[in-house]
Every structure is written in C-alpha cells, then in structure tokens.
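Pasting structure11.pdb here (PDB, C-alpha atoms):
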```pdb
ATOM      1  CA  MET A   3      72.224  87.816  80.337
ATOM      2  CA  LYS A   4      74.954  86.254  78.215
ATOM      3  CA  GLU A   5      75.892  82.634  78.829
ATOM      4  CA  ILE A   6      79.487  81.448  78.487
ATOM      5  CA  THR A   7      80.255  77.770  78.980
ATOM      6  CA  THR A   8      83.150  76.453  80.990
ATOM      7  CA  ASP A   9      84.152  74.311  77.988
ATOM      8  CA  LYS A  10      84.752  77.489  75.992
ATOM      9  CA  ILE A  11      86.750  79.001  78.852
ATOM     10  CA  ILE A  12      88.917  75.866  79.154
ATOM     11  CA  GLU A  13      89.612  75.864  75.416
ATOM     12  CA  THR A  14      90.457  79.566  75.402
ATOM     13  CA  VAL A  15      92.814  79.448  78.391
ATOM     14  CA  ALA A  16      94.650  76.407  77.002
ATOM     15  CA  LYS A  17      95.244  78.275  73.741
ATOM     16  CA  LEU A  18      96.383  81.459  75.525
ATOM     17  CA  CYS A  19      98.886  79.546  77.674
ATOM     18  CA  GLN A  20     100.576  78.233  74.565
ATOM     19  CA  GLU A  21     100.429  81.450  72.555
ATOM     20  CA  ALA A  22     101.862  83.465  75.440
ATOM     21  CA  ASN A  23     104.821  81.105  75.685
ATOM     22  CA  PHE A  24     105.449  80.869  71.928
ATOM     23  CA  TYR A  25     104.909  84.405  70.662
ATOM     24  CA  LEU A  26     106.541  87.546  72.018
ATOM     25  CA  CYS A  27     104.204  90.546  71.742
ATOM     26  CA  GLU A  28     104.797  93.026  68.922
ATOM     27  CA  ASP A  29     105.214  95.942  71.336
ATOM     28  CA  VAL A  30     108.054  94.111  73.085
ATOM     29  CA  LEU A  31     109.736  93.255  69.792
ATOM     30  CA  ALA A  32     109.458  96.894  68.673
ATOM     31  CA  SER A  33     110.980  98.091  71.959
ATOM     32  CA  ILE A  34     113.890  95.669  71.641
ATOM     33  CA  LYS A  35     114.502  96.846  68.065
ATOM     34  CA  LYS A  36     114.516 100.476  69.220
ATOM     35  CA  ALA A  37     116.822  99.679  72.144
ATOM     36  CA  LYS A  38     119.242  97.950  69.796
ATOM     37  CA  GLU A  39     119.374 101.047  67.574
ATOM     38  CA  ASN A  40     120.150 103.245  70.590
ATOM     39  CA  GLU A  41     122.785 101.000  72.176
ATOM     40  CA  VAL A  42     126.504 101.770  72.099
ATOM     41  CA  SER A  43     127.758  98.636  73.831
ATOM     42  CA  GLU A  44     128.732  95.878  71.376
ATOM     43  CA  ALA A  45     127.947  93.214  73.954
ATOM     44  CA  ALA A  46     124.507  94.717  74.573
ATOM     45  CA  ILE A  47     123.767  94.880  70.849
ATOM     46  CA  GLU A  48     124.755  91.227  70.481
ATOM     47  CA  VAL A  49     122.471  90.191  73.351
ATOM     48  CA  LEU A  50     119.534  92.131  71.901
ATOM     49  CA  SER A  51     120.150  90.487  68.525
ATOM     50  CA  LEU A  52     120.070  87.054  70.161
ATOM     51  CA  ILE A  53     116.791  87.923  71.893
ATOM     52  CA  GLN A  54     115.322  88.843  68.499
ATOM     53  CA  GLU A  55     116.562  85.589  66.981
ATOM     54  CA  ASN A  56     115.222  83.582  69.903
ATOM     55  CA  ALA A  57     111.760  85.143  69.480
ATOM     56  CA  LYS A  58     111.800  84.360  65.758
ATOM     57  CA  ILE A  59     112.717  80.704  66.318
ATOM     58  CA  ALA A  60     110.128  80.277  69.081
ATOM     59  CA  ALA A  61     107.351  81.649  66.871
ATOM     60  CA  GLU A  62     108.341  79.625  63.811
ATOM     61  CA  GLU A  63     108.741  76.329  65.637
ATOM     62  CA  LYS A  64     106.064  76.914  68.290
ATOM     63  CA  ILE A  65     108.405  76.256  71.161
ATOM     64  CA  PRO A  66     108.736  78.217  74.429
ATOM     65  CA  LEU A  67     110.542  81.547  74.376
ATOM     66  CA  CYS A  68     112.172  80.514  77.660
ATOM     67  CA  GLN A  69     112.707  77.233  79.467
ATOM     68  CA  ASP A  70     110.897  78.791  82.437
ATOM     69  CA  CYS A  71     107.299  78.741  81.246
ATOM     70  CA  GLY A  72     106.252  80.546  84.386
ATOM     71  CA  ALA A  73     103.518  80.447  86.950
ATOM     72  CA  ALA A  74     100.188  80.857  85.159
ATOM     73  CA  VAL A  75      98.929  84.283  86.217
ATOM     74  CA  VAL A  76      95.389  84.855  84.926
ATOM     75  CA  PHE A  77      93.592  88.194  84.915
ATOM     76  CA  ILE A  78      89.855  88.147  84.264
ATOM     77  CA  ASP A  79      87.369  90.958  83.775
ATOM     78  CA  LEU A  80      83.987  89.354  84.343
ATOM     79  CA  GLY A  81      81.018  91.268  82.997
ATOM     80  CA  GLN A  82      78.212  91.512  85.537
ATOM     81  CA  ASP A  83      75.744  90.396  82.848
ATOM     82  CA  VAL A  84      77.608  87.144  82.173
ATOM     83  CA  HIS A  85      76.397  83.763  83.378
ATOM     84  CA  ILE A  86      79.004  80.998  83.573
ATOM     85  CA  ALA A  87      77.365  77.707  82.635
ATOM     86  CA  GLY A  88      78.617  74.164  83.062
ATOM     87  CA  GLY A  89      80.682  74.384  86.205
ATOM     88  CA  ASP A  90      82.958  76.456  88.401
ATOM     89  CA  LEU A  91      84.713  79.405  86.717
ATOM     90  CA  TYR A  92      87.967  79.055  88.656
ATOM     91  CA  GLU A  93      88.144  75.320  88.052
ATOM     92  CA  ALA A  94      87.621  75.972  84.336
ATOM     93  CA  LEU A  95      90.555  78.393  84.380
ATOM     94  CA  ALA A  96      92.680  75.772  86.151
ATOM     95  CA  GLN A  97      91.674  73.064  83.661
ATOM     96  CA  GLY A  98      92.617  75.368  80.814
ATOM     97  CA  VAL A  99      96.061  75.786  82.338
ATOM     98  CA  ARG A 100      96.397  72.018  82.744
ATOM     99  CA  ASP A 101      95.471  71.398  79.135
ATOM    100  CA  GLY A 102      97.567  74.228  77.755
ATOM    101  CA  TYR A 103     100.740  73.269  79.557
ATOM    102  CA  GLU A 104     100.313  69.593  78.699
ATOM    103  CA  GLU A 105      99.405  70.078  75.026
ATOM    104  CA  GLY A 106     102.077  72.718  74.507
ATOM    105  CA  TYR A 107     104.838  70.714  76.206
ATOM    106  CA  LEU A 108     105.403  73.629  78.554
ATOM    107  CA  ARG A 109     107.468  73.227  81.702
ATOM    108  CA  LYS A 110     105.422  72.705  84.854
ATOM    109  CA  SER A 111     106.903  74.770  87.663
ATOM    110  CA  MET A 112     104.312  74.927  90.450
ATOM    111  CA  VAL A 113     105.026  73.115  93.711
ATOM    112  CA  ASP A 114     102.731  72.353  96.641
ATOM    113  CA  LYS A 115     103.874  72.358 100.285
ATOM    114  CA  PRO A 116     106.008  75.426  99.492
ATOM    115  CA  PHE A 117     108.069  75.539 102.697
ATOM    116  CA  SER A 118     108.596  71.801 103.180
ATOM    117  CA  THR A 119     108.459  68.978 100.628
ATOM    118  CA  ARG A 120     107.835  71.249  97.577
ATOM    119  CA  ILE A 121     106.056  68.594  95.528
ATOM    120  CA  ASN A 122     105.516  69.497  91.879
ATOM    121  CA  THR A 123     101.801  69.601  91.028
ATOM    122  CA  LYS A 124     102.776  68.247  87.572
ATOM    123  CA  ASP A 125     100.273  70.376  85.630
ATOM    124  CA  ASN A 126     101.325  73.945  86.529
ATOM    125  CA  THR A 127      98.204  74.507  88.604
ATOM    126  CA  PRO A 128      96.838  76.193  90.527
ATOM    127  CA  PRO A 129      96.866  79.399  88.493
ATOM    128  CA  ILE A 130      97.128  82.757  90.251
ATOM    129  CA  ILE A 131      93.834  84.486  89.441
ATOM    130  CA  HIS A 132      93.014  88.190  89.662
ATOM    131  CA  THR A 133      89.331  88.986  89.149
ATOM    132  CA  ARG A 134      87.490  92.229  88.460
ATOM    133  CA  ILE A 135      83.720  92.509  88.113
ATOM    134  CA  VAL A 136      82.989  95.010  85.347
ATOM    135  CA  PRO A 137      79.904  96.302  83.491
ATOM    136  CA  GLY A 138      78.758  94.469  80.376
ATOM    137  CA  ASP A 139      78.307  90.956  79.040
ATOM    138  CA  LYS A 140      81.883  90.005  78.127
ATOM    139  CA  LEU A 141      84.549  87.893  79.783
ATOM    140  CA  LYS A 142      88.084  89.120  79.176
ATOM    141  CA  ILE A 143      90.857  86.655  79.938
ATOM    142  CA  ILE A 144      94.564  87.526  80.023
ATOM    143  CA  VAL A 145      97.151  84.803  80.612
ATOM    144  CA  ALA A 146     100.522  86.152  81.724
ATOM    145  CA  PRO A 147     103.090  83.420  82.479
ATOM    146  CA  LYS A 148     105.537  84.802  85.050
ATOM    147  CA  GLY A 149     109.014  83.361  85.372
ATOM    148  CA  GLY A 150     110.644  82.773  88.722
ATOM    149  CA  GLY A 151     113.810  84.755  88.045
ATOM    150  CA  SER A 152     111.990  88.037  87.582
ATOM    151  CA  GLU A 153     109.253  87.371  90.146
ATOM    152  CA  ASN A 154     111.902  86.702  92.780
ATOM    153  CA  MET A 155     113.067  90.296  92.428
ATOM    154  CA  SER A 156     109.716  91.728  93.623
ATOM    155  CA  LYS A 157     109.921  94.380  96.321
ATOM    156  CA  LEU A 158     107.381  95.934  98.689
ATOM    157  CA  ALA A 159     107.823  98.873 101.023
ATOM    158  CA  VAL A 160     105.474 101.064 102.984
ATOM    159  CA  LEU A 161     107.235 104.404 102.936
ATOM    160  CA  LYS A 162     106.560 107.352 105.162
ATOM    161  CA  PRO A 163     104.339 109.876 103.356
ATOM    162  CA  ALA A 164     107.036 112.525 103.851
ATOM    163  CA  GLN A 165     109.399 110.486 101.661
ATOM    164  CA  GLY A 166     107.120 111.309  98.747
ATOM    165  CA  ARG A 167     108.157 111.241  95.107
ATOM    166  CA  GLN A 168     111.889 111.066  95.810
ATOM    167  CA  GLY A 169     111.379 108.153  98.167
ATOM    168  CA  VAL A 170     109.555 106.281  95.421
ATOM    169  CA  ILE A 171     112.325 106.996  92.903
ATOM    170  CA  ASP A 172     115.041 105.832  95.305
ATOM    171  CA  PHE A 173     113.154 102.648  96.223
ATOM    172  CA  VAL A 174     112.472 101.629  92.614
ATOM    173  CA  THR A 175     116.003 102.430  91.437
ATOM    174  CA  ASN A 176     117.553 100.488  94.315
ATOM    175  CA  ALA A 177     115.283  97.512  93.607
ATOM    176  CA  VAL A 178     116.451  97.350  89.994
ATOM    177  CA  GLU A 179     120.101  97.848  90.939
ATOM    178  CA  GLU A 180     119.961  95.104  93.578
ATOM    179  CA  ALA A 181     118.266  92.759  91.104
ATOM    180  CA  GLY A 182     121.243  93.017  88.763
ATOM    181  CA  SER A 183     121.161  90.439  85.984
ATOM    182  CA  ASN A 184     118.967  87.991  87.941
ATOM    183  CA  PRO A 185     115.667  88.957  86.252
ATOM    184  CA  CYS A 186     117.149  88.666  82.720
ATOM    185  CA  PRO A 187     117.202  92.272  81.520
ATOM    186  CA  PRO A 188     116.230  94.239  79.525
ATOM    187  CA  LEU A 189     113.255  94.632  81.820
ATOM    188  CA  ILE A 190     109.801  96.062  82.006
ATOM    189  CA  VAL A 191     109.539  97.493  85.512
ATOM    190  CA  GLY A 192     106.051  97.488  87.002
ATOM    191  CA  VAL A 193     105.466  99.923  89.874
ATOM    192  CA  GLY A 194     102.424 100.214  92.111
ATOM    193  CA  ILE A 195     101.950 103.223  94.376
ATOM    194  CA  GLY A 196      99.171 103.591  96.927
ATOM    195  CA  GLY A 197      96.322 101.477  98.203
ATOM    196  CA  THR A 198      97.346  98.903 100.796
ATOM    197  CA  ALA A 199     100.193  96.393 100.785
ATOM    198  CA  GLU A 200      98.334  93.773  98.771
ATOM    199  CA  ARG A 201      96.638  96.312  96.486
ATOM    200  CA  THR A 202      99.874  98.006  95.475
ATOM    201  CA  MET A 203     101.476  94.651  94.664
ATOM    202  CA  GLU A 204      98.607  93.872  92.302
ATOM    203  CA  LEU A 205      98.889  97.339  90.749
ATOM    204  CA  ALA A 206     102.550  96.709  89.996
ATOM    205  CA  LYS A 207     101.846  93.355  88.359
ATOM    206  CA  ARG A 208      98.836  94.591  86.409
ATOM    207  CA  SER A 209     100.892  97.508  85.060
ATOM    208  CA  LEU A 210     103.008  94.977  83.152
ATOM    209  CA  LEU A 211     100.010  94.284  80.897
ATOM    210  CA  ARG A 212     100.174  97.782  79.425
ATOM    211  CA  GLU A 213     101.692  98.186  75.971
ATOM    212  CA  VAL A 214     105.435  98.532  76.425
ATOM    213  CA  GLY A 215     106.489 102.156  76.258
ATOM    214  CA  LYS A 216     102.948 103.522  76.339
ATOM    215  CA  PRO A 217     102.899 106.179  79.086
ATOM    216  CA  ASN A 218     100.300 106.543  81.797
ATOM    217  CA  ASP A 219      97.435 108.869  80.837
ATOM    218  CA  ASP A 220      98.104 111.070  83.880
ATOM    219  CA  PRO A 221     100.812 113.654  82.984
ATOM    220  CA  GLU A 222     102.248 113.611  86.514
ATOM    221  CA  ILE A 223     102.630 109.831  86.430
ATOM    222  CA  GLU A 224     103.983 109.938  82.874
ATOM    223  CA  GLU A 225     106.702 112.318  84.062
ATOM    224  CA  LEU A 226     107.563 109.978  86.939
ATOM    225  CA  GLU A 227     107.776 107.004  84.564
ATOM    226  CA  ALA A 228     110.201 108.886  82.319
ATOM    227  CA  GLU A 229     112.425 109.851  85.238
ATOM    228  CA  LEU A 230     112.394 106.324  86.634
ATOM    229  CA  LEU A 231     113.352 104.867  83.257
ATOM    230  CA  LYS A 232     116.261 107.302  83.024
ATOM    231  CA  ARG A 233     117.391 106.426  86.552
ATOM    232  CA  VAL A 234     117.188 102.646  86.192
ATOM    233  CA  ASN A 235     119.000 102.687  82.850
ATOM    234  CA  ALA A 236     121.746 104.779  84.426
ATOM    235  CA  VAL A 237     122.390 101.825  86.763
ATOM    236  CA  GLY A 238     124.218 100.260  83.808
ATOM    237  CA  THR A 239     123.305  96.592  84.277
ATOM    238  CA  GLY A 240     122.368  96.342  80.604
ATOM    239  CA  PRO A 241     121.022  93.387  78.599
ATOM    240  CA  GLN A 242     121.661  90.147  80.496
ATOM    241  CA  GLY A 243     124.040  92.019  82.801
ATOM    242  CA  PHE A 244     126.679  92.785  80.136
ATOM    243  CA  GLY A 245     126.386  96.548  80.566
ATOM    244  CA  GLY A 246     124.924  99.155  78.282
ATOM    245  CA  ARG A 247     122.137 101.693  78.098
ATOM    246  CA  THR A 248     119.240  99.244  78.198
ATOM    247  CA  THR A 249     118.643  97.839  81.651
ATOM    248  CA  ALA A 250     114.910  98.493  81.160
ATOM    249  CA  LEU A 251     112.756  98.916  78.080
ATOM    250  CA  SER A 252     110.040 100.716  80.015
ATOM    251  CA  VAL A 253     108.743 101.614  83.472
ATOM    252  CA  HIS A 254     104.990 101.397  84.031
ATOM    253  CA  VAL A 255     103.472 103.083  87.094
ATOM    254  CA  GLU A 256      99.923 102.658  88.383
ATOM    255  CA  THR A 257      98.545 104.457  91.431
ATOM    256  CA  PHE A 258      95.636 104.197  93.847
ATOM    257  CA  PRO A 259      94.528 106.417  96.756
ATOM    258  CA  CYS A 260      95.988 105.433 100.110
ATOM    259  CA  HIS A 261      95.670 106.070 103.848
ATOM    260  CA  ILE A 262      96.922 109.405 105.190
ATOM    261  CA  ALA A 263      99.597 107.586 107.228
ATOM    262  CA  SER A 264     100.897 105.348 104.427
ATOM    263  CA  LEU A 265     102.766 105.380 101.137
ATOM    264  CA  PRO A 266     102.866 101.762  99.884
ATOM    265  CA  VAL A 267     105.170 101.135  96.922
ATOM    266  CA  ALA A 268     105.663  97.866  95.043
ATOM    267  CA  VAL A 269     108.044  96.802  92.295
ATOM    268  CA  ASN A 270     107.242  93.829  90.063
ATOM    269  CA  ILE A 271     109.927  93.218  87.475
ATOM    270  CA  GLN A 272     109.264  91.503  84.163
ATOM    271  CA  CYS A 273     112.082  89.961  82.147
ATOM    272  CA  HIS A 274     112.518  90.664  78.424
ATOM    273  CA  SER A 275     110.285  87.655  77.738
ATOM    274  CA  ALA A 276     107.246  89.794  78.563
ATOM    275  CA  ARG A 277     104.599  87.209  77.817
ATOM    276  CA  HIS A 278     100.858  87.753  77.899
ATOM    277  CA  LYS A 279      97.971  87.020  75.554
ATOM    278  CA  GLU A 280      94.299  87.860  75.874
ATOM    279  CA  ALA A 281      90.885  86.906  74.540
ATOM    280  CA  ILE A 282      87.385  88.315  74.959
ATOM    281  CA  LEU A 283      84.421  85.931  75.075
TER
END
```
Output the file's structure as structure tokens, nothing else.
Amino acid sequence: MKEITTDKIIETVAKLCQEANFYLCEDVLASIKKAKENEVSEAAIEVLSLIQENAKIAAEEKIPLCQDCGAAVVFIDLGQDVHIAGGDLYEALAQGVRDGYEEGYLRKSMVDKPFSTRINTKDNTPPIIHTRIVPGDKLKIIVAPKGGGSENMSKLAVLKPAQGRQGVIDFVTNAVEEAGSNPCPPLIVGVGIGGTAERTMELAKRSLLREVGKPNDDPEIEELEAELLKRVNAVGTGPQGFGGRTTALSVHVETFPCHIASLPVAVNIQCHSARHKEAIL
C-alpha cells in the first residue's frame, strides 16, 4: 500500500493549475502551426499567427493564455493500492485549486447560487472532479481549466438508434455550425457516443485530453473522426470566426456501449486554448 499525503496533492494541483493556464501544450502548438501552413485565408493566417504569439508571451511571462482561466476540471485516476493520508482527498484537490488560482493571479470564475444571486466563491472552487479507480499504486491528476465560452456550446441528444452514424454526423456538424465563433475557434471537438446521458457527456469531455490529432485506436471510430473533421471544417467559420479552412484542429470521439433503445451523443467543444496538465504521484 502506497501512502500519498494530502499536502503533496495540494502542492501538485496548485502547480498544475498555473502551468495549465500559462503553457499551451506542444501538440496544440504543432496543430496550429500545421493549420497555418494549410490555410488559404489571409485573415485566418493572421489569427493563427496571433495565437502563436499569444502562447509565446504567456509562457515567457507566466501569465494566463486567456483572461478566462476557466472552471477547474480535475480528472483523477486513483490506484486501488493508494492510501490518502492527512485528510480528505476531494478537499485536498479543492485546496490545491484555491492555492493555484491565488498564487498564479488567475481569474476566479465560479459562482454559488447559480440561478439566483450568483455569488463569486472568490477562489475558483469547487472544482469539478471526475474519478476513476484503477489498478496500481499511483495517483494520476489532470487539471483541465475549461472556459465558459466553449463550455456554453455543449450539446446533448439522445438519438433514435435508427439514426445511426449519419445522425451522429449531422448532430455534431450542426452543433459546431450553431456555435459559430462563440467558442473561439479553431476548436478541438470532443464527442461522446453511447452509455447514458451523463456518461456520454463525460466521454466527450474526457476525449479532449487526448493528444490533438491522434486518432482513436478503433479503425471505425478513426474513420468517423476524419469525416467529422472534414464536415465541421467545411462549415467555414474559421479561426475566430473570420472564415477559412480551420474551424477545428481535430475531432476526438469516444464510445461506450448503450441501451438497445438509445443512442446518446454529446458534444463538448474546446477552444484553441486547449489547456491541461498532468502529474503522477
């Protein structure tokens, strides 16, 4: 049995909150570079160049990539042979978010009483936590700040099974087209298919953690991802809504078995500031 202290978890989460907001992942930067090389629209090329410059400045000066430092979404894979010592695991994750957002001068965006007074919690807590119990004696923590502009474009539908593959394609394409420039394209489009309503929404969000442009291991799903990317880029929204070939950098699809009477489909859109950092304790 491996022991991990809550102090170590707090320290790690605080660091990840800041790193995720300061440093754009290399896979995203590579995808933006490739998109820029393939663009024909001068306006789109200019926007992609500005995104590159913004990422460079943020990293050099250790300032947020975006003024919206996001809701703190935390994914943890907790090894079944791990013992958390020193306190409550979820409270440690929340304290890490508090410390990280305070120390990093990151904008606090979470509000309590969501349908009435909407009072800012002033420390960006509580985090949104997704937990998996896995074999082993490690604790993997991923912090993925999620901005409001892209999260607001989330879509969920429970299609009829007969709508099948084409129904999925139409739903995802329409979701991206309706979103327009609101989620700050170029996008990474996360798609969940199957499970139940809440399971498919998590699948869509978790898919955004995959390396940008890396296809699903299942050839059938890989083919669907390629077709979806072609369809959503044909919409023509382009970088920041100025038109062009690059509405999305990538489409990531994850699936799960579902009930014989259902075909749940979820879309979770990520803006070009595709922020997430991870650590393994």
Residues of region 62-121 of chain A that approach region 197-215 of chain A to 12 Å or less, counting all atoms listed in the file: could you list each one with the shortest pair of atoms and its distance in Å to one decimal, rows by chain and increasing residue number, as a tab-separated table?
```
residue	atom	partner	partner_atom	distance
A:Val75	CA	A:Lys207	CA	9.8
A:Val76	CA	A:Arg208	CA	10.4
A:Phe77	CA	A:Arg208	CA	8.4
A:Ile78	CA	A:Arg208	CA	11.3
```
Centre and edge lengths, as JSON, for the axis-aligned box enclosing every listed atom of region 5-15 of chain A with 4 Å of padding on each of the six sides, in Å to one decimal?
```
{"center_x": 84.4, "center_y": 78.5, "center_z": 78.2, "size_x": 24.9, "size_y": 16.3, "size_z": 13.6}
```
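Here CA of Asp101 (chain A) is placed at a distance of 20.8 Å from CA of Leu26 (chain A).
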Top pick for closest residue to Lys124 (chain A), considering A:Val99, A:Val136, A:Leu141, A:Ile11 and counting all atoms listed in the file: A:Val99
Nearest to Gly245 (chain A), chosen from A:Pro66, A:Pro221, A:Gly192, A:Pro187, with all atoms listed in the file counted in the distances: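 Of A:Pro66, A:Pro221, A:Gly192, A:Pro187, the one nearest Gly245 (chain A), counting all atoms listed in the file, is A:Pro187.
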Pairwise distance for CA of Glu44 (chain A) and CA of Glu229 (chain A), rounded to one decimal in Å: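 These two atoms are separated by 25.6 Å.
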Ground truth for the PyMOL selection byres ((chain A and resi 67) around 9), written as a ChimeraX atom specification: /A:22-26,56-57,59-61,64-66,68-71,275,277
Residues returned when the PyMOL selection byres ((chain A and resi 139) around 6) runs on this file, as a list in words: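 Taken on the displayed file, the PyMOL selection byres ((chain A and resi 139) around 6) yields the residues Lys4, Gly81, Asp83, Val84, Gly138 and Lys140 of chain A.
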Non-local contacts of Pro266 (chain A) (12 Å; all atoms listed in the file; under 2 positions in same chain excluded) as number ranges by chain: A: 157-163, 165-167, 169-170, 173, 193-206, 256-264, 268-269
Lys17 (chain A) environment, 12 Å, all atoms listed in the file, sequence neighbours closer than 3 positions dropped, as a PyMOL selection string: chain A and resi 10-14+20-25+95+97-106+143-145+278-281
Chain and number of each residue from the PyMOL selection byres ((chain A and resi 126) around 7), as number ranges by chain: A: 73, 99-100, 110-112, 123-125, 127-128
Shortest interatomic distance to Lys232 (chain A) - which of A:Ile171, A:Ile47, A:Ala276, A:Leu52, counting all atoms listed in the file: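 Of all the options, A:Ile171 lies closest to Lys232 (chain A).
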For Arg247 (chain A): contacts at 8 Å, only C-alpha atoms, fewer than 3 positions along chain excluded, given as JSON, numbers by chain: {"A": [40, 41, 42, 43, 235, 236, 238, 240]}
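CA of Gly150 (chain A) sits 18.6 Å away from CA of Ile53 (chain A).
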Point (118.8, 95.4, 77.0), cut-off 7 Å, counting only C-alpha atoms, residues as a list in words: Ala37, Ala46, Leu50, Pro187, Pro188, Gly240, Pro241, Gln242, Thr248, Thr249 and Ala250 of chain A
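Considering the residues A:Arg120, A:His254, A:Lys115, A:His274 and counting all atoms listed in the file, Lys216 (chain A) has its shortest atom-to-atom contact with A:His254.
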Among the residues A:Gly151, A:Gly182, A:Ala16, A:Ser156, the one that comes closest to Tyr107 (chain A) [using only C-alpha atoms]: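 Answer, going by the shortest atom-to-atom distance: A:Ala16.
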